[in-house]
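Worksheet for the structure shown next.
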Amino acid sequence: QVQLVESGGGSVQSGGSLRLSCAVSGYTYTNGCMGWFRRAPGKEREGVAHIDSRGTTLYAASVKGRFTISRDNAKNTLYLQLNSLKPEDTAMYYCAARRQYGDYYCSLASYDFTYWGQGTQVTVSS
């Protein structure tokens with residue numbers, strides 16, 4: 001059974017930083033794809049970043065250069081470092097994992113992901 005548990009959200013001022021963590025159980029990174037998504041009030045959920053089993057990363061244009069996705073295989077934890085935060089980054093952030101099909105496919109489309117965490121709130125004030 002795959003379980004994803006996010007933590008690390010909070011309230012910061014514009015320009016501040018946070019590091020989100022996602023504790024992963026029941027899922028291996030081999031041929032896996034994991035990502036971070038967010039949903040702001042009144043908006044659709046959007047993909048923020050993903051990392052595939054080879055460590056290749058991809059970012060949404062809105063966060064590229066400010067956010068960094070990484071993972072610690074030994075700790076079974078996925079991270080998202082958020083720097084230079086802006087008020088428009090305010091959202092609920094979710095960790096997600098794609099069902100493993102034995103390929104290297106990875107995307108930022110939420111419909112490609114099977115397993116989801118409960119989310120952690122990030123609030124950025126101006």
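Lettering and numbering for the structure tokens are positional, with chains as A, B, ... in the shown order, residues counted from 1 in each chain, and ligands counted from 1 in the shown order.
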
query: Hey, what's within 9 Å of Thr30 (chain A) if we count only C-alpha atoms and toss same-chain stuff fewer than 5 positions away? As a ChimeraX atom specification, please?
result: /A:52-54,100,102,104

field: 8 Å contact set for region 72-87 of chain A, only C-alpha atoms, chain neighbours under 5 positions out, as a PyMOL selection string
entry: chain A and resi 13-25+29+36+66-67+123-126

Go ahead and save the picked residues with N, CA, C and O atoms, as a short mmCIF file (atom, residue, chain, number, x, y, z; two decimals), in the first residue's frame.
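After the write, selection-v2.cif holds the following:
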data_model
loop_
_atom_site.label_atom_id
_atom_site.label_comp_id
_atom_site.auth_asym_id
_atom_site.auth_seq_id
_atom_site.Cartn_x
_atom_site.Cartn_y
_atom_site.Cartn_z
N GLN A 13 6.82 35.30 4.59
CA GLN A 13 6.69 36.55 3.85
C GLN A 13 7.29 36.40 2.46
O GLN A 13 8.10 35.50 2.21
N SER A 14 6.86 37.27 1.58
CA SER A 14 7.39 37.27 0.23
C SER A 14 8.92 37.32 0.25
O SER A 14 9.51 38.08 1.01
N GLY A 15 9.53 36.48 -0.58
CA GLY A 15 10.98 36.37 -0.61
C GLY A 15 11.54 35.30 0.29
O GLY A 15 12.74 34.99 0.22
N GLY A 16 10.69 34.73 1.14
CA GLY A 16 11.14 33.71 2.07
C GLY A 16 11.27 32.34 1.44
O GLY A 16 11.07 32.17 0.23
N SER A 17 11.63 31.36 2.26
CA SER A 17 11.87 30.00 1.80
C SER A 17 11.18 28.99 2.71
O SER A 17 10.95 29.26 3.90
N LEU A 18 10.87 27.86 2.14
CA LEU A 18 10.34 26.71 2.87
C LEU A 18 10.87 25.44 2.22
O LEU A 18 11.22 25.44 1.03
N ARG A 19 10.93 24.37 2.99
CA ARG A 19 11.23 23.08 2.40
C ARG A 19 10.12 22.11 2.75
O ARG A 19 9.86 21.85 3.93
N LEU A 20 9.48 21.60 1.72
CA LEU A 20 8.43 20.61 1.90
C LEU A 20 9.04 19.21 1.84
O LEU A 20 9.95 18.96 1.05
N SER A 21 8.49 18.33 2.66
CA SER A 21 8.92 16.93 2.66
C SER A 21 7.73 16.04 2.39
O SER A 21 6.60 16.36 2.76
N CYS A 22 8.00 14.90 1.77
CA CYS A 22 6.98 13.89 1.53
C CYS A 22 7.56 12.55 1.92
O CYS A 22 8.46 12.03 1.27
N ALA A 23 7.06 12.00 3.01
CA ALA A 23 7.49 10.67 3.46
C ALA A 23 6.78 9.62 2.63
O ALA A 23 5.55 9.61 2.55
N VAL A 24 7.57 8.74 2.02
CA VAL A 24 7.04 7.76 1.07
C VAL A 24 7.15 6.36 1.65
O VAL A 24 8.22 5.96 2.15
N SER A 25 6.09 5.59 1.57
CA SER A 25 6.14 4.18 1.97
C SER A 25 5.38 3.36 0.95
O SER A 25 4.42 3.84 0.34
N TYR A 29 11.48 3.80 -6.21
CA TYR A 29 11.75 4.77 -7.26
C TYR A 29 12.10 4.11 -8.60
O TYR A 29 12.12 4.77 -9.62
N TRP A 36 5.37 17.08 -7.43
CA TRP A 36 4.69 18.00 -6.54
C TRP A 36 3.68 18.80 -7.37
O TRP A 36 3.99 19.27 -8.48
N ARG A 66 13.42 28.86 -8.97
CA ARG A 66 13.10 29.19 -7.58
C ARG A 66 12.86 27.93 -6.74
O ARG A 66 13.17 27.93 -5.55
N PHE A 67 12.29 26.90 -7.34
CA PHE A 67 11.98 25.67 -6.62
C PHE A 67 12.93 24.56 -7.07
O PHE A 67 13.34 24.53 -8.23
N THR A 123 1.47 29.46 2.63
CA THR A 123 0.86 30.78 2.53
C THR A 123 1.97 31.83 2.51
O THR A 123 2.82 31.85 3.41
N VAL A 124 1.97 32.66 1.47
CA VAL A 124 3.00 33.68 1.32
C VAL A 124 2.34 35.05 1.37
O VAL A 124 1.46 35.35 0.57
N SER A 125 2.76 35.87 2.29
CA SER A 125 2.19 37.21 2.44
C SER A 125 3.13 38.25 1.85
O SER A 125 4.35 38.09 1.86
N SER A 126 2.53 39.31 1.35
CA SER A 126 3.33 40.37 0.72
C SER A 126 3.82 41.39 1.73
O SER A 126 3.40 41.40 2.87
#

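With only C-alpha atoms as the basis for measurement, A:Ala96 is the residue among A:Leu58, A:Ala96, A:Val122, A:Ala109 that approaches Met34 (chain A) most closely.
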
Å distance separating CA of Thr120 (chain A) from CA of Lys64 (chain A), one decimal place: 20.4 Å

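Between CA of Gly119 (chain A) and CA of Leu4 (chain A) there is a distance of 9.3 Å.
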
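Every protein or nucleic acid residue with an atom no more than 12 Å from Gly42 (chain A), counting only C-alpha atoms and leaving out same-chain residues fewer than 3 positions away, appears here: Arg38, Arg39, Arg45, Thr90, Ala91 and Met92 of chain A.
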
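Nearest residue to Gln118 (chain A) among A:Ser70, A:Glu88, A:Val48, A:Cys95 is A:Cys95, counting only C-alpha atoms.
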
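Counting only C-alpha atoms, the residue from A:Ser62, A:Tyr101, A:Gly32, A:Tyr94 that sits nearest to Gly9 (chain A) is A:Tyr94.
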
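The residue that comes closest to Ala49 (chain A), out of A:Asn31, A:Ser7, A:Ser107, A:Gln121 and on the basis of only C-alpha atoms, is A:Ser107.
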
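Running DSSP on the backbone gives helix (DSSP H, G or I) for these residues within chain A: Pro87, Glu88, Asp89, Ser110, Tyr111 and Asp112 of chain A.
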
Could you save those same residues with all heavy atoms as a PDB file, in the first residue's frame?
ATOM      1  N   PRO A  87       3.554  35.832  -3.287  1.00  0.00           N
ATOM      2  CA  PRO A  87       2.168  35.604  -2.840  1.00  0.00           C
ATOM      3  C   PRO A  87       1.398  34.655  -3.763  1.00  0.00           C
ATOM      4  O   PRO A  87       0.555  33.884  -3.278  1.00  0.00           O
ATOM      5  CB  PRO A  87       1.575  37.011  -2.868  1.00  0.00           C
ATOM      6  CG  PRO A  87       2.730  37.904  -2.591  1.00  0.00           C
ATOM      7  CD  PRO A  87       3.898  37.252  -3.297  1.00  0.00           C
ATOM      8  N   GLU A  88       1.707  34.663  -5.038  1.00  0.00           N
ATOM      9  CA  GLU A  88       1.003  33.767  -5.969  1.00  0.00           C
ATOM     10  C   GLU A  88       1.407  32.303  -5.815  1.00  0.00           C
ATOM     11  O   GLU A  88       0.825  31.436  -6.467  1.00  0.00           O
ATOM     12  CB  GLU A  88       1.214  34.211  -7.424  1.00  0.00           C
ATOM     13  CG  GLU A  88       2.662  34.437  -7.818  1.00  0.00           C
ATOM     14  CD  GLU A  88       3.064  35.896  -7.713  1.00  0.00           C
ATOM     15  OE1 GLU A  88       2.682  36.565  -6.713  1.00  0.00           O
ATOM     16  OE2 GLU A  88       3.777  36.365  -8.627  1.00  0.00           O
ATOM     17  N   ASP A  89       2.392  32.022  -4.980  1.00  0.00           N
ATOM     18  CA  ASP A  89       2.746  30.635  -4.668  1.00  0.00           C
ATOM     19  C   ASP A  89       1.859  30.054  -3.565  1.00  0.00           C
ATOM     20  O   ASP A  89       1.962  28.863  -3.251  1.00  0.00           O
ATOM     21  CB  ASP A  89       4.209  30.543  -4.220  1.00  0.00           C
ATOM     22  CG  ASP A  89       5.192  30.886  -5.325  1.00  0.00           C
ATOM     23  OD1 ASP A  89       4.959  30.465  -6.473  1.00  0.00           O
ATOM     24  OD2 ASP A  89       6.182  31.588  -5.035  1.00  0.00           O
ATOM     25  N   SER A 110      -1.619  15.848 -13.799  1.00  0.00           N
ATOM     26  CA  SER A 110      -2.110  15.172 -12.602  1.00  0.00           C
ATOM     27  C   SER A 110      -2.786  13.850 -12.918  1.00  0.00           C
ATOM     28  O   SER A 110      -2.740  12.917 -12.106  1.00  0.00           O
ATOM     29  CB  SER A 110      -3.072  16.078 -11.834  1.00  0.00           C
ATOM     30  OG  SER A 110      -4.166  16.456 -12.644  1.00  0.00           O
ATOM     31  N   TYR A 111      -3.379  13.714 -14.107  1.00  0.00           N
ATOM     32  CA  TYR A 111      -4.072  12.463 -14.452  1.00  0.00           C
ATOM     33  C   TYR A 111      -3.097  11.300 -14.634  1.00  0.00           C
ATOM     34  O   TYR A 111      -3.507  10.150 -14.699  1.00  0.00           O
ATOM     35  CB  TYR A 111      -4.952  12.635 -15.689  1.00  0.00           C
ATOM     36  CG  TYR A 111      -4.256  13.175 -16.921  1.00  0.00           C
ATOM     37  CD1 TYR A 111      -3.398  12.376 -17.681  1.00  0.00           C
ATOM     38  CD2 TYR A 111      -4.452  14.487 -17.329  1.00  0.00           C
ATOM     39  CE1 TYR A 111      -2.757  12.883 -18.801  1.00  0.00           C
ATOM     40  CE2 TYR A 111      -3.811  15.003 -18.448  1.00  0.00           C
ATOM     41  CZ  TYR A 111      -2.967  14.191 -19.186  1.00  0.00           C
ATOM     42  OH  TYR A 111      -2.342  14.695 -20.296  1.00  0.00           O
ATOM     43  N   ASP A 112      -1.795  11.582 -14.749  1.00  0.00           N
ATOM     44  CA  ASP A 112      -0.805  10.514 -14.869  1.00  0.00           C
ATOM     45  C   ASP A 112      -0.414   9.927 -13.521  1.00  0.00           C
ATOM     46  O   ASP A 112       0.311   8.942 -13.466  1.00  0.00           O
ATOM     47  CB  ASP A 112       0.465  11.037 -15.565  1.00  0.00           C
ATOM     48  CG  ASP A 112       0.320  11.105 -17.079  1.00  0.00           C
ATOM     49  OD1 ASP A 112      -0.481  10.316 -17.625  1.00  0.00           O
ATOM     50  OD2 ASP A 112       0.997  11.944 -17.694  1.00  0.00           O
TER      51      ASP A 112
END

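Reported to one decimal place, the separation of CA of Ala40 (chain A) from CA of Gly8 (chain A) is 17.2 Å.
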
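With distances restricted to only C-alpha atoms, A:Tyr105 is the closest residue to Thr56 (chain A) from A:Phe37, A:Tyr105, A:Tyr93, A:Tyr27.
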